[in-house]
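> Questions regarding the structure given below will be posed in turn.
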Amino acid sequence: MAHFAYRHSDLCCEQVSLRSLAADVGTPAYVYSKAALLESYRGYDDAFAEVPHVVCYSVKANGNLGVLGTLARAGAGADIVSGGELFRALRAGFPPGRIIFSGVGKTRDELREALKAEVLMFNVESLSELRALDDVARETGVRAPVALRVNPDVDPETHPYIATGLKTSKFGIPFAQAHEVYAEAASLKGVEVVGADIHIGSQLTKAAPLADAVARIAALVKTLRERSIEIRMVDVGGGLGIRYRDEAPPTHREYARVLLPALRELGVTVLLEPGRSIVGNAGILLTRVLYRKETGEKTFVVVDAAMNDLIRPALYDAYHELQPVAEARLDAPRETVDVVGPICESGDFLAKDRALARTEEGDLLAIMSAGAYASAMASNYNTRPRAVEVLVDGNRYTIVRRRETYEDLVAGETVL
Ligand SMILES: *Cc1c(COP(=O)(O)O)cnc(C)c1O
């Protein structure tokens, strides 16, 4: 996370001190680096430069309009999984012709909205969905550009909650049924077959499962062509992992080197759907230590961020590095602590049994690698307003989402 480093004794995002930022906007706060965002997006764009391609950022990783607008302006497309994300993507300025609609349970209303917007492609995940899309498209008087999301049955070797390409997962059309469903798709008046799609999971740190999955989809495209089903676009999904602790995921170049041989010879437009790997290490969650508590059994550091701001530790047992904002704190003696939030759940922890340089009440901590699936999964549990989001650009910053107010939280509710 090169854009988060110590300068003049404080941890900074680019050239903005997180200490002065906390004084301005309060804590907890999500802080994003624009330079880091653009660097990871361009890493993909450059690595795939030799083939026609669109990097469709997966909106669900972080759908903040400031983040989306930055990527849209840089030329990215978007991968969406709901009508709400379509709304966000359009509002942020993504051209509809660079938006892919994925997801296992699109409603008819959502399909209609996306057809009206004229999105690039629908990634269809079942025969039932295909028939519904055909129906809605004919009602609307258009043809829906379709790819089938095929489940290649490879083990992505990641956390079971985010593995999606196994035979037993709810995602995609089983590989063995792909030909049959493509044949039906080709016969429908309301859809036009344009592509093939895979997405095998998230936080992938090994290249081999990706290579296997792409080899399978490439083979499928060839046999479909033999049956006169022309595939112009291959969507390789997202899922490339990031370094949270000591993982060593493939770089953009290594990723491209693994995928391109199979794709190049197909002569297709390559669509990518990275989420986490674009935004994950472009953001942190800034929090303040409220209390220390020593129980005899354990030492707890109670901070003002909680599982409603970052659910990954509770949900996936995920590891997020913690860094003190004051560089001098790094010299303090180490102790083993649980870093916990104020929420009334024992699952409300941000770090467990972590060896940390001793922190004191009032200290600021940066919870690293919190750009992806952090604010996007935030809730109001315990009636906690969702935190402010800030996008840093050089020595300036913009509040891209203000902190929620109590009034925001009850808007739409009624006292009887
Ligand atoms: C979540 C998701 C992605 C993005 O996954 P990352 O691991 O964040 O890169 C891409 N495509 C689909 C269909 C998804 O559901």
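Chains: A, B, ... in order of the structure tokens. Residues: from 1 per chain. Ligands: from 1, in order shown.
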Write down as number ranges by chain the residues belonging to stretch 148-276 of chain A that are assigned helix (DSSP H, G or I) by DSSP computed on the backbone.
A: 160-162, 175-187, 208-226, 252-264, 276
> Using only C-alpha atoms, tabulate the residues of stretch 272-327 of chain A lying at most 10 Å from any atom of stretch 55-67 of chain A, each with its closest atom pair and that distance in Å to one decimal, by chain and increasing residue number, as a tab-separated table.

residue	atom	partner	partner_atom	distance
A:Leu272	CA	A:Val55	CA	4.9
A:Glu273	CA	A:Cys56	CA	4.9
A:Pro274	CA	A:Tyr57	CA	5.4
A:Gly275	CA	A:Ser58	CA	4.4
A:Arg276	CA	A:Ala61	CA	5.8
A:Ser277	CA	A:Ala61	CA	9.3
A:Ile278	CA	A:Tyr57	CA	7.6
A:Val279	CA	A:Asn62	CA	7.2
A:Gly280	CA	A:Ala61	CA	8.0
> Mind checking which residues fall within 6 Å of A:Leu364, counting only C-alpha atoms, ignoring those fewer than 4 positions away in the same chain, and posting them as a list in words?
Thr287, Arg288 and Val325 of chain A
> Which residues in stretch 228-389 of chain A does DSSP call strand (DSSP E or B)? List them as a ChimeraX atom specification.
/A:233-235,240,269-272,283-294,299-303,322-324,326,334-340,349-357,364-367,388-389
> List as a list in words the protein and nucleic acid residues near A:Tyr44, meaning an atom at most 8 Å away when only C-alpha atoms are counted, but skip any in the same chain fewer than 3 places from it.
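Counting only C-alpha atoms, the residues come to Ser40, Tyr41, Ala47, Phe48, Val55, His252 and Arg253 of chain A.
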> Limited to all heavy atoms, could you put the picked residues into a file as a CSV table (one decimal), in the first residue's frame?

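Writing done, so here's result02.csv:
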chain,number,residue,atom,x,y,z
A,40,SER,N,-4.2,0.7,-9.9
A,40,SER,CA,-4.6,-0.7,-10.1
A,40,SER,C,-5.5,-0.8,-11.3
A,40,SER,O,-5.4,-1.9,-12.0
A,40,SER,CB,-5.2,-1.2,-8.8
A,40,SER,OG,-6.2,-0.3,-8.3
A,41,TYR,N,-6.3,0.1,-11.6
A,41,TYR,CA,-7.1,0.1,-12.8
A,41,TYR,C,-6.2,0.0,-14.1
A,41,TYR,O,-6.3,-0.8,-14.9
A,41,TYR,CB,-8.1,1.2,-12.9
A,41,TYR,CG,-8.6,1.4,-14.3
A,41,TYR,CD1,-9.4,0.4,-14.9
A,41,TYR,CD2,-8.2,2.4,-15.1
A,41,TYR,CE1,-9.9,0.5,-16.2
A,41,TYR,CE2,-8.6,2.5,-16.5
A,41,TYR,CZ,-9.4,1.6,-17.0
A,41,TYR,OH,-9.9,1.7,-18.3
A,47,ALA,N,-1.9,-4.4,-18.9
A,47,ALA,CA,-1.6,-5.8,-19.0
A,47,ALA,C,-2.3,-6.5,-20.2
A,47,ALA,O,-1.9,-7.5,-20.7
A,47,ALA,CB,-1.8,-6.5,-17.7
A,48,PHE,N,-3.5,-6.0,-20.5
A,48,PHE,CA,-4.4,-6.6,-21.5
A,48,PHE,C,-4.4,-5.7,-22.8
A,48,PHE,O,-5.2,-6.0,-23.7
A,48,PHE,CB,-5.8,-6.8,-21.0
A,48,PHE,CG,-5.9,-8.0,-20.1
A,48,PHE,CD1,-5.6,-7.8,-18.7
A,48,PHE,CD2,-6.2,-9.3,-20.5
A,48,PHE,CE1,-5.6,-8.9,-17.9
A,48,PHE,CE2,-6.3,-10.4,-19.7
A,48,PHE,CZ,-6.0,-10.2,-18.4
A,55,VAL,N,-12.1,-3.2,-19.0
A,55,VAL,CA,-12.0,-3.6,-17.5
A,55,VAL,C,-13.3,-3.0,-16.9
A,55,VAL,O,-13.4,-1.8,-16.7
A,55,VAL,CB,-10.7,-2.9,-16.9
A,55,VAL,CG1,-10.6,-3.2,-15.4
A,55,VAL,CG2,-9.5,-3.3,-17.7
A,252,HIS,N,-0.8,-8.0,-12.0
A,252,HIS,CA,-1.6,-7.8,-13.2
A,252,HIS,C,-1.0,-8.5,-14.4
A,252,HIS,O,-1.6,-9.1,-15.2
A,252,HIS,CB,-1.8,-6.3,-13.6
A,252,HIS,CG,-2.6,-5.6,-12.5
A,252,HIS,ND1,-2.0,-4.5,-11.8
A,252,HIS,CD2,-3.8,-5.8,-12.0
A,252,HIS,CE1,-2.9,-4.1,-11.0
A,252,HIS,NE2,-4.0,-4.8,-11.0
A,253,ARG,N,0.3,-8.3,-14.5
A,253,ARG,CA,1.1,-8.9,-15.7
A,253,ARG,C,1.0,-10.4,-15.7
A,253,ARG,O,0.8,-11.1,-16.7
A,253,ARG,CB,2.5,-8.4,-15.7
A,253,ARG,CG,2.6,-7.0,-16.0
A,253,ARG,CD,3.7,-6.6,-17.0
A,253,ARG,NE,3.4,-5.2,-17.3
A,253,ARG,CZ,2.7,-4.8,-18.4
A,253,ARG,NH1,2.2,-5.8,-19.2
A,253,ARG,NH2,2.4,-3.6,-18.6
> Using only C-alpha atoms, find the one residue out of A:Lys206, A:Lys298, A:His3, A:Lys293 that sits nearest to A:Thr359.
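For A:Thr359, the nearest of the candidates is A:Lys293.
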> Give me the residues within 10 Å of A:Glu247 as a PyMOL selection string, counting only C-alpha atoms and dropping any in the same chain fewer than 4 places off.
chain A and resi 203-206+241-243
> Those same residues, written as an mmCIF file, in the first residue's frame with N, CA and C atoms?

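Below is the file out_20.cif, written as the result:
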data_model
loop_
_atom_site.group_PDB
_atom_site.id
_atom_site.type_symbol
_atom_site.label_atom_id
_atom_site.label_comp_id
_atom_site.auth_asym_id
_atom_site.auth_seq_id
_atom_site.Cartn_x
_atom_site.Cartn_y
_atom_site.Cartn_z
ATOM 1 N N GLN A 203 -10.678 -13.231 -3.955
ATOM 2 C CA GLN A 203 -9.433 -13.338 -3.187
ATOM 3 C C GLN A 203 -8.642 -14.568 -3.637
ATOM 4 N N LEU A 204 -8.508 -14.700 -4.969
ATOM 5 C CA LEU A 204 -7.733 -15.810 -5.532
ATOM 6 C C LEU A 204 -6.261 -15.418 -5.491
ATOM 7 N N THR A 205 -5.461 -16.307 -4.949
ATOM 8 C CA THR A 205 -4.030 -15.983 -4.833
ATOM 9 C C THR A 205 -3.180 -16.909 -5.693
ATOM 10 N N LYS A 206 -3.836 -17.818 -6.397
ATOM 11 C CA LYS A 206 -3.097 -18.737 -7.262
ATOM 12 C C LYS A 206 -3.587 -18.597 -8.694
ATOM 13 N N GLY A 241 -6.812 -11.794 -6.069
ATOM 14 C CA GLY A 241 -6.653 -11.450 -4.663
ATOM 15 C C GLY A 241 -5.719 -10.277 -4.446
ATOM 16 N N ILE A 242 -5.693 -9.816 -3.220
ATOM 17 C CA ILE A 242 -4.754 -8.765 -2.819
ATOM 18 C C ILE A 242 -3.979 -9.244 -1.602
ATOM 19 N N ARG A 243 -2.953 -8.489 -1.272
ATOM 20 C CA ARG A 243 -2.174 -8.811 -0.096
ATOM 21 C C ARG A 243 -2.810 -8.137 1.119
#
> Kindly indicate which residue among A:Thr107, A:Asn380, A:Gln323, A:Asn281 lies nearest to ligand 1, using only C-alpha atoms and all ligand atoms for the distances.
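Among the listed residues, A:Asn281 lies closest to ligand 1.
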> Which residue gives the smallest distance to ligand 1 among A:Arg312, A:Arg225, A:Lys106, A:His199, with only C-alpha atoms and all ligand atoms counted?
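Going through A:Arg312, A:Arg225, A:Lys106, A:His199 one by one, the smallest distance to ligand 1 is for A:His199.
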